[in-house]
$ cat work-v2.csv   # CSV, C-alpha atoms and all ligand atoms
chain,number,residue,atom,x,y,z
A,1285,MET,CA,98.0,154.8,-75.7
A,1286,ALA,CA,99.1,151.2,-76.6
A,1287,LYS,CA,99.8,150.6,-80.2
A,1288,ILE,CA,97.3,148.5,-82.2
A,1289,ASP,CA,98.5,145.0,-83.1
A,1290,VAL,CA,98.7,144.5,-86.9
A,1291,LEU,CA,100.1,141.6,-89.0
A,1292,ALA,CA,102.2,142.7,-92.0
A,1293,ALA,CA,101.7,139.6,-94.2
A,1294,GLY,CA,103.4,138.7,-97.5
A,1295,ALA,CA,105.3,140.9,-99.9
A,1296,LEU,CA,105.3,144.5,-98.9
A,1297,ARG,CA,107.7,147.3,-99.8
A,1298,PRO,CA,110.3,148.2,-97.1
A,1299,ASN,CA,109.0,151.8,-96.8
A,1300,ALA,CA,105.4,150.5,-96.2
A,1301,LEU,CA,106.8,148.1,-93.5
A,1302,GLU,CA,108.7,151.0,-91.9
A,1303,THR,CA,105.5,153.1,-91.7
A,1304,LEU,CA,103.5,150.2,-90.4
A,1305,SER,CA,106.1,149.5,-87.7
A,1306,HIS,CA,106.1,153.2,-86.7
A,1307,ARG,CA,102.3,153.5,-86.4
A,1308,PHE,CA,101.4,150.0,-85.2
A,1309,ASN,CA,102.6,147.2,-83.1
A,1310,CYS,CA,103.6,145.4,-86.3
A,1311,HIS,CA,104.2,141.7,-86.5
A,1312,ARG,CA,106.0,140.5,-89.6
A,1313,VAL,CA,104.8,137.4,-91.4
A,1314,ALA,CA,106.8,137.2,-94.6
A,1315,GLY,CA,105.5,133.8,-95.6
A,1316,PRO,CA,103.0,131.2,-94.3
A,1317,GLU,CA,105.8,129.5,-92.4
A,1318,ASP,CA,106.0,132.5,-90.1
A,1319,LEU,CA,102.4,132.2,-89.1
A,1320,ASP,CA,102.6,129.7,-86.3
A,1321,PRO,CA,105.4,131.3,-84.3
A,1322,VAL,CA,103.9,134.8,-84.7
A,1323,LEU,CA,100.3,133.9,-84.0
A,1324,SER,CA,101.3,131.9,-80.9
A,1325,GLN,CA,102.6,135.2,-79.5
A,1326,CYS,CA,100.0,137.7,-80.7
A,1327,GLY,CA,97.1,136.0,-82.5
A,1328,ASP,CA,94.6,137.0,-79.8
A,1329,ALA,CA,95.6,140.7,-80.0
A,1330,VAL,CA,95.7,141.2,-83.8
A,1331,ARG,CA,93.2,143.8,-85.0
A,1332,GLY,CA,94.4,144.4,-88.5
A,1333,ILE,CA,96.2,142.8,-91.4
A,1334,ALA,CA,98.3,144.6,-94.0
A,1335,ARG,CA,98.1,142.0,-96.7
A,1336,GLY,CA,100.6,142.0,-99.6
A,1337,GLY,CA,101.7,139.7,-102.3
A,1338,HIS,CA,98.6,137.6,-102.6
A,1339,PHE,CA,99.2,136.1,-99.1
A,1340,ALA,CA,96.4,133.5,-98.6
A,1341,VAL,CA,93.9,134.5,-96.0
A,1342,PRO,CA,91.6,131.5,-95.7
A,1343,ARG,CA,89.0,130.8,-93.0
A,1344,ALA,CA,91.5,128.7,-91.0
A,1345,LEU,CA,93.7,131.7,-90.6
A,1346,LEU,CA,90.9,134.1,-89.8
A,1347,GLU,CA,89.6,131.8,-87.1
A,1348,ARG,CA,92.9,132.2,-85.3
A,1349,LEU,CA,92.4,136.0,-85.1
A,1350,PRO,CA,89.3,136.6,-82.9
A,1351,LYS,CA,89.9,140.4,-82.6
A,1352,LEU,CA,90.5,141.0,-86.3
A,1353,GLU,CA,88.6,144.1,-87.6
A,1354,ILE,CA,90.2,144.9,-91.0
A,1355,ILE,CA,92.3,143.4,-93.8
A,1356,ALA,CA,93.9,146.2,-95.8
A,1357,ASN,CA,94.9,144.6,-99.1
A,1358,PHE,CA,97.9,145.8,-101.1
A,1359,GLY,CA,96.4,145.5,-104.6
A,1360,VAL,CA,93.1,146.1,-106.4
A,1361,GLY,CA,92.4,142.3,-106.6
A,1362,TYR,CA,91.6,140.6,-103.3
A,1363,ASP,CA,91.2,137.0,-104.3
A,1364,GLY,CA,92.6,134.6,-101.7
A,1365,ILE,CA,90.8,136.3,-98.8
A,1366,ASP,CA,87.7,134.4,-97.5
A,1367,LEU,CA,85.2,137.2,-98.0
A,1368,ASN,CA,82.2,135.2,-96.8
A,1369,TYR,CA,83.9,134.7,-93.4
A,1370,CYS,CA,84.9,138.4,-93.3
A,1371,ALA,CA,81.3,139.6,-94.2
A,1372,GLY,CA,79.8,137.3,-91.6
A,1373,ASN,CA,82.2,138.4,-88.9
A,1374,ARG,CA,82.2,142.2,-89.5
A,1375,ILE,CA,85.7,142.2,-90.8
A,1376,VAL,CA,86.2,145.0,-93.3
A,1377,VAL,CA,88.4,144.4,-96.4
A,1378,THR,CA,89.9,147.3,-98.3
A,1379,ASN,CA,91.8,147.3,-101.6
A,1380,THR,CA,93.8,149.8,-103.6
A,1381,PRO,CA,91.8,150.9,-106.6
A,1382,ASP,CA,92.5,154.0,-108.8
A,1383,VAL,CA,96.1,154.5,-107.8
A,1384,LEU,CA,97.2,151.6,-110.1
A,1385,THR,CA,94.6,152.0,-112.9
A,1386,GLU,CA,96.8,153.9,-115.5
A,1387,GLU,CA,99.9,151.8,-114.8
A,1388,VAL,CA,98.1,148.5,-115.3
A,1389,ALA,CA,96.5,149.9,-118.5
A,1390,ASP,CA,99.9,151.0,-119.7
A,1391,THR,CA,101.2,147.4,-119.1
A,1392,ALA,CA,98.1,146.0,-120.9
A,1393,LEU,CA,98.9,148.1,-124.0
A,1394,GLY,CA,102.6,147.1,-123.8
A,1395,LEU,CA,101.7,143.5,-123.6
A,1396,LEU,CA,99.2,143.8,-126.5
A,1397,LEU,CA,101.7,145.5,-128.8
A,1398,ASN,CA,104.4,143.1,-127.8
A,1399,THR,CA,102.2,140.1,-128.6
A,1400,VAL,CA,100.9,141.5,-131.9
A,1401,ARG,CA,104.2,143.0,-133.2
A,1402,GLU,CA,106.6,140.4,-131.6
A,1403,PHE,CA,108.8,143.1,-130.0
A,1404,SER,CA,110.3,140.7,-127.4
A,1405,ALA,CA,111.2,138.1,-130.1
A,1406,ALA,CA,112.6,140.8,-132.4
A,1407,GLU,CA,114.8,142.2,-129.6
A,1408,ARG,CA,116.1,138.7,-128.8
A,1409,TYR,CA,116.8,138.3,-132.6
A,1410,LEU,CA,118.9,141.5,-132.5
A,1411,ARG,CA,120.8,140.6,-129.3
A,1412,ALA,CA,121.6,137.1,-130.8
A,1413,GLY,CA,123.4,138.9,-133.6
A,1414,ARG,CA,121.0,137.7,-136.2
A,1415,TRP,CA,120.0,141.1,-137.7
A,1416,GLU,CA,123.6,141.5,-138.9
A,1417,LYS,CA,124.1,137.9,-140.0
A,1418,GLU,CA,120.7,137.0,-141.4
A,1419,GLY,CA,119.0,140.4,-142.2
A,1420,ALA,CA,115.9,142.1,-141.0
A,1421,TYR,CA,113.5,140.4,-138.5
A,1422,ARG,CA,110.5,138.9,-140.3
A,1423,LEU,CA,107.5,141.0,-141.0
A,1424,THR,CA,104.9,140.3,-138.3
A,1425,GLY,CA,101.9,138.3,-139.4
A,1426,ALA,CA,99.7,140.4,-137.1
A,1427,THR,CA,99.1,144.1,-136.7
A,1428,LEU,CA,96.8,146.2,-134.6
A,1429,ARG,CA,95.8,148.0,-137.8
A,1430,ASN,CA,93.0,145.6,-138.8
A,1431,ARG,CA,91.9,144.4,-135.4
A,1432,THR,CA,88.9,144.9,-133.1
A,1433,VAL,CA,89.5,144.5,-129.4
A,1434,GLY,CA,86.8,143.0,-127.2
A,1435,VAL,CA,87.5,144.1,-123.6
A,1436,LEU,CA,86.3,141.6,-121.1
A,1437,GLY,CA,85.5,143.5,-117.9
A,1438,LEU,CA,84.9,147.2,-118.4
A,1439,GLY,CA,85.7,148.4,-114.9
A,1440,ARG,CA,88.2,151.1,-114.0
A,1441,ILE,CA,91.2,149.4,-115.7
A,1442,GLY,CA,89.2,148.1,-118.6
A,1443,LEU,CA,88.0,151.6,-119.4
A,1444,ALA,CA,91.6,153.0,-119.2
A,1445,VAL,CA,92.7,150.3,-121.6
A,1446,ALA,CA,89.7,151.1,-123.9
A,1447,ARG,CA,90.6,154.8,-123.9
A,1448,ARG,CA,94.2,154.0,-124.9
A,1449,LEU,CA,93.0,151.8,-127.8
A,1450,GLU,CA,90.6,154.5,-128.9
A,1451,ALA,CA,93.5,157.0,-129.1
A,1452,MET,CA,95.3,154.4,-131.2
A,1453,ARG,CA,92.3,154.2,-133.6
A,1454,VAL,CA,91.6,150.6,-132.7
A,1455,PRO,CA,87.9,149.7,-132.5
A,1456,VAL,CA,86.7,148.6,-129.1
A,1457,VAL,CA,83.7,146.6,-128.0
A,1458,TYR,CA,83.1,145.0,-124.5
A,1459,HIS,CA,81.4,142.4,-122.4
A,1460,SER,CA,80.7,143.0,-118.7
A,1461,ARG,CA,78.1,141.8,-116.3
A,1462,HIS,CA,76.3,145.1,-116.9
A,1463,GLN,CA,76.1,147.6,-119.8
A,1464,ARG,CA,77.6,151.0,-118.9
A,1465,ALA,CA,75.5,154.1,-119.5
A,1466,ASP,CA,78.6,156.3,-119.8
A,1467,VAL,CA,80.4,154.7,-122.9
A,1468,ALA,CA,79.6,154.5,-126.5
A,1469,TYR,CA,81.4,151.2,-127.1
A,1470,ARG,CA,79.2,148.4,-128.4
A,1471,TYR,CA,78.1,146.1,-125.6
A,1472,TYR,CA,77.8,142.3,-125.9
A,1473,PRO,CA,75.6,140.8,-123.2
A,1474,ASP,CA,77.1,137.4,-124.2
A,1475,LEU,CA,80.8,136.7,-124.1
A,1476,LYS,CA,80.7,134.0,-126.9
A,1477,SER,CA,78.9,136.4,-129.3
A,1478,MET,CA,81.6,139.0,-128.6
A,1479,ALA,CA,84.4,136.4,-129.1
A,1480,GLU,CA,82.8,135.5,-132.5
A,1481,ALA,CA,82.7,139.2,-133.5
A,1482,VAL,CA,86.3,140.2,-132.6
A,1483,ASP,CA,89.8,138.8,-133.1
A,1484,THR,CA,91.5,140.2,-130.0
A,1485,LEU,CA,90.3,139.6,-126.4
A,1486,MET,CA,91.6,141.8,-123.7
A,1487,ILE,CA,90.9,140.2,-120.3
A,1488,VAL,CA,90.6,142.7,-117.4
A,1489,LEU,CA,88.5,140.6,-115.0
A,1490,PRO,CA,89.2,140.1,-111.3
A,1491,GLY,CA,89.6,136.6,-109.9
A,1492,THR,CA,86.3,135.6,-108.2
A,1493,ASP,CA,84.2,132.4,-108.0
A,1494,ALA,CA,82.1,133.8,-110.9
A,1495,THR,CA,85.1,134.4,-113.2
A,1496,VAL,CA,86.9,131.0,-113.0
A,1497,ASN,CA,87.6,129.7,-116.5
A,1498,VAL,CA,85.1,132.0,-118.2
A,1499,VAL,CA,87.6,132.0,-121.1
A,1500,ASP,CA,87.4,128.3,-122.0
A,1501,ALA,CA,88.0,126.2,-125.1
A,1502,ALA,CA,84.7,127.4,-126.7
A,1503,ILE,CA,85.5,131.1,-126.3
A,1504,LEU,CA,89.0,130.5,-127.8
A,1505,LYS,CA,87.5,128.6,-130.7
A,1506,ALA,CA,85.0,131.5,-131.2
A,1507,LEU,CA,88.0,133.9,-131.5
A,1508,GLY,CA,89.3,131.8,-134.4
A,1509,PRO,CA,92.7,131.3,-136.0
A,1510,SER,CA,93.7,135.0,-136.0
A,1511,GLY,CA,92.6,135.3,-132.4
A,1512,ILE,CA,94.9,137.0,-129.8
A,1513,VAL,CA,94.2,136.8,-126.1
A,1514,ILE,CA,95.7,139.2,-123.6
A,1515,ASN,CA,95.3,138.6,-119.9
A,1516,ILE,CA,96.1,141.3,-117.4
A,1517,GLY,CA,93.4,140.3,-114.9
A,1518,ARG,CA,93.8,137.0,-113.1
A,1519,GLY,CA,95.1,133.6,-114.3
A,1520,SER,CA,92.1,131.8,-113.0
A,1521,VAL,CA,89.9,133.6,-115.6
A,1522,ILE,CA,91.4,131.4,-118.4
A,1523,ASP,CA,91.2,127.6,-118.7
A,1524,GLU,CA,95.0,127.5,-118.9
A,1525,PRO,CA,95.4,123.9,-120.4
A,1526,ALA,CA,92.8,124.8,-123.0
A,1527,LEU,CA,94.8,128.0,-123.9
A,1528,ILE,CA,98.0,126.0,-124.2
A,1529,GLU,CA,96.3,123.5,-126.4
A,1530,ALA,CA,94.8,126.3,-128.7
A,1531,LEU,CA,98.2,128.0,-128.9
A,1532,ALA,CA,100.1,124.8,-129.7
A,1533,ALA,CA,97.5,123.7,-132.3
A,1534,ARG,CA,97.5,127.3,-133.7
A,1535,THR,CA,93.7,127.4,-133.5
A,1536,ILE,CA,94.4,130.9,-132.0
A,1537,TYR,CA,97.2,133.1,-133.2
A,1538,ALA,CA,98.9,134.2,-130.0
A,1539,ALA,CA,98.6,135.1,-126.4
A,1540,GLY,CA,100.1,137.8,-124.1
A,1541,LEU,CA,99.9,136.9,-120.4
A,1542,ASP,CA,100.8,138.9,-117.3
A,1543,VAL,CA,99.0,136.5,-114.9
A,1544,PHE,CA,98.9,132.7,-114.5
A,1545,ALA,CA,96.8,130.1,-112.8
A,1546,ASP,CA,99.5,129.0,-110.3
A,1547,GLU,CA,101.9,132.0,-109.9
A,1548,PRO,CA,104.9,132.2,-109.9
A,1549,HIS,CA,104.8,128.8,-111.6
A,1550,VAL,CA,104.4,129.0,-115.3
A,1551,PRO,CA,103.8,125.7,-117.1
A,1552,GLN,CA,106.7,124.4,-119.2
A,1553,ALA,CA,104.3,124.0,-122.1
A,1554,LEU,CA,103.7,127.7,-122.1
A,1555,LEU,CA,107.4,128.5,-121.8
A,1556,GLU,CA,108.0,126.5,-124.9
A,1557,LEU,CA,105.5,128.2,-127.1
A,1558,ASP,CA,106.8,130.9,-129.5
A,1559,ASN,CA,103.4,132.4,-129.9
A,1560,ALA,CA,103.0,133.4,-126.2
A,1561,VAL,CA,104.5,136.6,-124.6
A,1562,LEU,CA,104.9,136.0,-120.9
A,1563,PHE,CA,105.3,138.8,-118.3
A,1564,PRO,CA,106.0,137.9,-114.6
A,1565,HIS,CA,102.8,139.7,-113.2
A,1566,LEU,CA,104.2,143.2,-113.5
A,1567,GLY,CA,101.0,145.1,-114.2
A,1568,SER,CA,101.4,147.6,-111.4
A,1569,ALA,CA,105.1,147.0,-110.7
A,1570,SER,CA,106.8,150.4,-110.7
A,1571,VAL,CA,108.2,152.0,-107.6
A,1572,TYR,CA,105.8,155.0,-108.2
A,1573,THR,CA,102.7,153.0,-108.4
A,1574,ARG,CA,103.6,150.4,-105.7
A,1575,ASP,CA,104.4,153.3,-103.3
A,1576,ALA,CA,101.0,154.8,-104.0
A,1577,MET,CA,99.3,151.4,-103.4
A,1578,GLY,CA,101.3,151.0,-100.1
A,1579,GLN,CA,100.2,154.5,-99.0
A,1580,LEU,CA,96.6,153.8,-99.7
A,1581,MET,CA,96.8,150.4,-97.9
A,1582,ILE,CA,98.2,152.2,-94.8
A,1583,ASP,CA,95.6,155.1,-95.1
A,1584,ASN,CA,92.9,152.4,-95.1
A,1585,LEU,CA,94.2,150.9,-91.8
A,1586,THR,CA,94.7,154.3,-90.2
A,1587,GLY,CA,91.3,155.6,-91.4
A,1588,TRP,CA,89.6,152.5,-89.9
A,1589,PHE,CA,91.3,152.7,-86.5
A,1590,GLU,CA,91.1,156.5,-86.1
A,1591,THR,CA,87.6,157.2,-87.4
A,1592,ARG,CA,86.1,153.9,-88.5
A,1593,LYS,CA,86.2,155.3,-92.0
A,1594,PRO,CA,88.4,153.3,-94.3
A,1595,LEU,CA,89.0,155.0,-97.7
A,1596,THR,CA,88.4,152.2,-100.1
A,1597,PRO,CA,86.4,149.3,-98.6
A,1598,VAL,CA,85.3,146.5,-101.0
A,1599,PRO,CA,81.6,146.0,-101.6
A,1600,GLU,CA,81.5,142.5,-100.3
A,1601,THR,CA,82.3,143.5,-96.7
A,1602,PRO,CA,80.1,146.5,-95.7
A,1603,VAL,CA,81.7,148.8,-93.1
A,1604,PRO,CA,80.0,148.4,-89.8
A,1605,GLN,CA,78.3,151.7,-88.8
A,1606,LEU,CA,79.1,153.5,-85.6
A,1607,GLY,CA,76.6,153.5,-82.8
A,1701,LIG,C1,100.0,143.2,-107.7
A,1701,LIG,C2,97.6,143.0,-108.7
A,1701,LIG,O1,100.5,142.0,-108.2
A,1701,LIG,O2,96.6,144.9,-107.7
A,1701,LIG,C3,96.5,143.7,-108.1
A,1701,LIG,O3,95.4,143.1,-108.0
A,1701,LIG,O4,97.5,142.0,-109.2
A,1701,LIG,C4,99.0,143.7,-108.7
A,1701,LIG,O5,98.9,145.0,-108.7
A,1701,LIG,C5,99.7,142.9,-106.3
A,1701,LIG,O6,98.8,143.7,-105.8
A,1701,LIG,C6,101.0,142.9,-105.5
A,1701,LIG,O7,100.7,142.4,-104.3
$ encode --input "work-v2.csv" --output "structure tokens"
Amino acid sequence: MAKIDVLAAGALRPNALETLSHRFNCHRVAGPEDLDPVLSQCGDAVRGIARGGHFAVPRALLERLPKLEIIANFGVGYDGIDLNYCAGNRIVVTNTPDVLTEEVADTALGLLLNTVREFSAAERYLRAGRWEKEGAYRLTGATLRNRTVGVLGLGRIGLAVARRLEAMRVPVVYHSRHQRADVAYRYYPDLKSMAEAVDTLMIVLPGTDATVNVVDAAILKALGPSGIVINIGRGSVIDEPALIEALAARTIYAAGLDVFADEPHVPQALLELDNAVLFPHLGSASVYTRDAMGQLMIDNLTGWFETRKPLTPVPETPVPQLG
């Protein structure tokens, strides 16, 4: 039987690309500049996309793929795919939940500790020879010991972060669209009220139309001068210029960011701030976890083409029923 035509778009691991090439008639589109030459050859035949590295999948691209049935996203977040178009054209989108939950939660805690206790700055101090010359690194102005963390978005990853904080004896409250029946953490139906009540905001929200800039100047002000913001979700959730302004004016204490509004570009103003810890979007970035994500992405494609049953479809694009 002829192999099914699939686009392998964006940053994907070599072993995932190898498996894709083995199972499918795989067309590599490393970057948007490859689209025209590849689509002029096979656009009419493509039935699936393995989508890595936040490769943009707007309507203009989807309209060039009349036979497309499935987009298997490499990542739990699937912003950048035109979901309305997909839902309206019976294109199934899948993502990679669960397999990255604990890794991203580990990173969130690392970023929080690093921001609160200044571990990156302290290591730079040692490496610059300053411990020997100038004495011990300064005592940190912040500690987790007197903080309350407000988790913004208590989904799978938010919950894994909350569990870790609980083990570290840090009080946790949360704000989500809905209250969860399965947790005892205090729920705030209103984000601003939560920001007023806590001093540490842990953002674990996906990037959707509804989450753009939900953490704005007013929320930052509500956190107050001891406020610490950690963002492990998406850059679009924070009003980045307002955050830079609050950090520079010290109207909040510090921020730890793994995600940015315009990745991989990080504004110079953020780079210059000594009260910001900046990670290059590495939440899930271990070989172990990225391999598990790659496998689930491929299993979704295979599940769809073999049995019309992808493993982890996203709620916005219902799987068309057989028959
Ligand atoms: C990766 C992520 O950056 O899963 C997500 O939503 O943001 C990260 O795990 C991404 O999936 C890599 O393409």
$ residues_near_point --input "work-v2.csv" --point "(97.1, 143.1, -126.6)" --cutoff "10 Å" --atoms "all atoms listed in the file" --output "list in words"
Thr1391, Ala1392, Leu1393, Gly1394, Leu1395, Leu1396, Leu1397, Asn1398, Thr1399, Val1400, Arg1401, Leu1428, Val1433, Val1445, Leu1449, Thr1484, Leu1485, Met1486, Ile1487, Ile1512, Val1513, Ile1514, Asn1515, Ile1516, Ala1538, Ala1539, Gly1540 and Leu1541 of chain A
$ closest_residue --input "work-v2.csv" --among "A:Leu1527, A:Cys1310, A:Ile1441, A:Ile1375" --to "ligand LIG 1701 (chain A)" --atoms "all atoms listed in the file"
A:Ile1441
$ closest_residue --input "work-v2.csv" --among "A:Leu1319, A:Leu1562, A:Ile1355, A:Val1341" --to "Ser1404 (chain A)" --atoms "all atoms listed in the file"
A:Leu1562
$ residues_near_ligand --input "work-v2.csv" --ligand "ligand LIG 1701 (chain A)" --cutoff "7 Å" --atoms "all atoms listed in the file" --output "compact mmCIF listing (two decimals) with C-alpha atoms, in the frame of the given file"
# COMPACT_ATOMS: atom_id res chain seq x y z
CA ALA A 1295 105.30 140.90 -99.90
CA GLY A 1336 100.60 142.00 -99.60
CA GLY A 1337 101.70 139.70 -102.30
CA HIS A 1338 98.60 137.60 -102.60
CA PHE A 1358 97.90 145.80 -101.10
CA GLY A 1359 96.40 145.50 -104.60
CA VAL A 1360 93.10 146.10 -106.40
CA GLY A 1361 92.40 142.30 -106.60
CA TYR A 1362 91.60 140.60 -103.30
CA THR A 1380 93.80 149.80 -103.60
CA LEU A 1384 97.20 151.60 -110.10
CA HIS A 1565 102.80 139.70 -113.20
CA LEU A 1566 104.20 143.20 -113.50
CA GLY A 1567 101.00 145.10 -114.20
CA SER A 1568 101.40 147.60 -111.40
CA ALA A 1569 105.10 147.00 -110.70
$ residues_near_point --input "work-v2.csv" --point "(84.1, 141.9, -83.2)" --cutoff "7 Å" --atoms "all atoms listed in the file" --output "list in words"
Lys1351, Glu1353, Asn1373 and Arg1374 of chain A
$ residues_around --input "work-v2.csv" --residues "Val1488 (chain A)" --least-positions-apart "5" --cutoff "6 Å" --atoms "only C-alpha atoms" --output "ChimeraX atom specification"
/A:1436-1437,1442,1516-1517
$ write_last_selection --input "work-v2.csv" --atoms "C-alpha atoms" --output "PDB file, in the frame of the given file"
ATOM      1  CA  LEU A1436      86.300 141.600-121.100  1.00  0.00           C
ATOM      2  CA  GLY A1437      85.500 143.500-117.900  1.00  0.00           C
ATOM      3  CA  GLY A1442      89.200 148.100-118.600  1.00  0.00           C
ATOM      4  CA  ILE A1516      96.100 141.300-117.400  1.00  0.00           C
ATOM      5  CA  GLY A1517      93.400 140.300-114.900  1.00  0.00           C
TER       6      GLY A1517
END
$ atom_distance --input "work-v2.csv" --atom1 "CA of Val1456 (chain A)" --atom2 "CA of Arg1429 (chain A)"
12.6 Å
$ residues_around --input "work-v2.csv" --residues "Ile1536 (chain A)" --least-positions-apart "2" --cutoff "8 Å" --atoms "all atoms listed in the file" --output "ChimeraX atom specification"
/A:1504-1505,1507-1512,1530-1531,1533-1534,1538
$ atom_distance --input "work-v2.csv" --atom1 "CA of Thr1432 (chain A)" --atom2 "CA of Val1457 (chain A)"
7.5 Å
$ atom_distance --input "work-v2.csv" --atom1 "CA of Asp1583 (chain A)" --atom2 "CA of Val1388 (chain A)"
21.4 Å
$ residues_around --input "work-v2.csv" --residues "Gln1463 (chain A)" --least-positions-apart "5" --cutoff "9 Å" --atoms "only C-alpha atoms" --output "NGL selection string"
:A and (1438 or 1458 or 1471-1473)
$ closest_residue --input "work-v2.csv" --among "A:Ala1314, A:Val1383, A:Val1377, A:Val1499" --to "Asp1575 (chain A)" --atoms "all atoms listed in the file"
A:Val1383
$ residues_around --input "work-v2.csv" --residues "Val1598 (chain A)" --least-positions-apart "6" --cutoff "8 Å" --atoms "only C-alpha atoms" --output "PyMOL selection string"
chain A and resi 1376-1379
$ closest_residue --input "work-v2.csv" --among "A:Ala1532, A:Phe1544, A:Thr1303, A:Arg1461" --to "Asn1497 (chain A)" --atoms "all atoms listed in the file"
A:Phe1544
$ residues_around --input "work-v2.csv" --residues "Leu1352 (chain A)" --least-positions-apart "3" --cutoff "6 Å" --atoms "only C-alpha atoms" --output "number ranges by chain"
A: 1330-1332, 1349
$ build_atoms --input "work-v2.csv" --residues "region 1457-1477 of chain A" --atoms "N, CA and C atoms" --output "PDB file, keeping the file's coordinate frame"
ATOM      1  N   VAL A1457      84.988 147.002-128.436  1.00  0.00           N
ATOM      2  CA  VAL A1457      83.700 146.600-128.000  1.00  0.00           C
ATOM      3  C   VAL A1457      83.899 145.953-126.588  1.00  0.00           C
ATOM      4  N   TYR A1458      82.837 145.618-125.872  1.00  0.00           N
ATOM      5  CA  TYR A1458      83.100 145.000-124.500  1.00  0.00           C
ATOM      6  C   TYR A1458      81.979 144.091-124.091  1.00  0.00           C
ATOM      7  N   HIS A1459      82.389 143.243-123.145  1.00  0.00           N
ATOM      8  CA  HIS A1459      81.400 142.400-122.400  1.00  0.00           C
ATOM      9  C   HIS A1459      81.708 142.584-120.932  1.00  0.00           C
ATOM     10  N   SER A1460      80.675 142.861-120.167  1.00  0.00           N
ATOM     11  CA  SER A1460      80.700 143.000-118.700  1.00  0.00           C
ATOM     12  C   SER A1460      79.461 142.405-118.164  1.00  0.00           C
ATOM     13  N   ARG A1461      79.377 142.285-116.844  1.00  0.00           N
ATOM     14  CA  ARG A1461      78.100 141.800-116.300  1.00  0.00           C
ATOM     15  C   ARG A1461      76.976 142.798-116.622  1.00  0.00           C
ATOM     16  N   HIS A1462      77.307 144.095-116.610  1.00  0.00           N
ATOM     17  CA  HIS A1462      76.300 145.100-116.900  1.00  0.00           C
ATOM     18  C   HIS A1462      76.762 146.049-117.987  1.00  0.00           C
ATOM     19  N   GLN A1463      75.787 146.549-118.765  1.00  0.00           N
ATOM     20  CA  GLN A1463      76.100 147.600-119.800  1.00  0.00           C
ATOM     21  C   GLN A1463      76.374 148.885-119.039  1.00  0.00           C
ATOM     22  N   ARG A1464      77.356 149.650-119.502  1.00  0.00           N
ATOM     23  CA  ARG A1464      77.600 151.000-118.900  1.00  0.00           C
ATOM     24  C   ARG A1464      76.865 152.029-119.656  1.00  0.00           C
ATOM     25  N   ALA A1465      76.312 152.971-118.895  1.00  0.00           N
ATOM     26  CA  ALA A1465      75.500 154.100-119.500  1.00  0.00           C
ATOM     27  C   ALA A1465      76.480 155.157-120.020  1.00  0.00           C
ATOM     28  N   ASP A1466      77.742 155.141-119.553  1.00  0.00           N
ATOM     29  CA  ASP A1466      78.600 156.300-119.800  1.00  0.00           C
ATOM     30  C   ASP A1466      79.615 156.054-120.958  1.00  0.00           C
ATOM     31  N   VAL A1467      79.441 154.975-121.731  1.00  0.00           N
ATOM     32  CA  VAL A1467      80.400 154.700-122.900  1.00  0.00           C
ATOM     33  C   VAL A1467      79.581 154.425-124.130  1.00  0.00           C
ATOM     34  N   ALA A1468      80.243 154.708-125.258  1.00  0.00           N
ATOM     35  CA  ALA A1468      79.600 154.500-126.500  1.00  0.00           C
ATOM     36  C   ALA A1468      80.009 153.146-127.176  1.00  0.00           C
ATOM     37  N   TYR A1469      80.973 152.455-126.542  1.00  0.00           N
ATOM     38  CA  TYR A1469      81.400 151.200-127.100  1.00  0.00           C
ATOM     39  C   TYR A1469      80.292 150.190-127.190  1.00  0.00           C
ATOM     40  N   ARG A1470      80.283 149.399-128.255  1.00  0.00           N
ATOM     41  CA  ARG A1470      79.200 148.400-128.400  1.00  0.00           C
ATOM     42  C   ARG A1470      79.309 147.373-127.263  1.00  0.00           C
ATOM     43  N   TYR A1471      78.160 147.063-126.681  1.00  0.00           N
ATOM     44  CA  TYR A1471      78.100 146.100-125.600  1.00  0.00           C
ATOM     45  C   TYR A1471      77.578 144.773-126.040  1.00  0.00           C
ATOM     46  N   TYR A1472      78.268 143.709-125.658  1.00  0.00           N
ATOM     47  CA  TYR A1472      77.800 142.300-125.900  1.00  0.00           C
ATOM     48  C   TYR A1472      77.357 141.722-124.599  1.00  0.00           C
ATOM     49  N   PRO A1473      76.065 141.435-124.430  1.00  0.00           N
ATOM     50  CA  PRO A1473      75.600 140.800-123.200  1.00  0.00           C
ATOM     51  C   PRO A1473      76.171 139.362-123.068  1.00  0.00           C
ATOM     52  N   ASP A1474      76.614 138.798-124.210  1.00  0.00           N
ATOM     53  CA  ASP A1474      77.100 137.400-124.200  1.00  0.00           C
ATOM     54  C   ASP A1474      78.537 137.346-124.673  1.00  0.00           C
ATOM     55  N   LEU A1475      79.377 136.719-123.850  1.00  0.00           N
ATOM     56  CA  LEU A1475      80.800 136.700-124.100  1.00  0.00           C
ATOM     57  C   LEU A1475      81.114 135.938-125.448  1.00  0.00           C
ATOM     58  N   LYS A1476      80.407 134.818-125.662  1.00  0.00           N
ATOM     59  CA  LYS A1476      80.700 134.000-126.900  1.00  0.00           C
ATOM     60  C   LYS A1476      80.379 134.844-128.123  1.00  0.00           C
ATOM     61  N   SER A1477      79.280 135.572-128.108  1.00  0.00           N
ATOM     62  CA  SER A1477      78.900 136.400-129.300  1.00  0.00           C
ATOM     63  C   SER A1477      80.034 137.449-129.510  1.00  0.00           C
TER      64      SER A1477
END
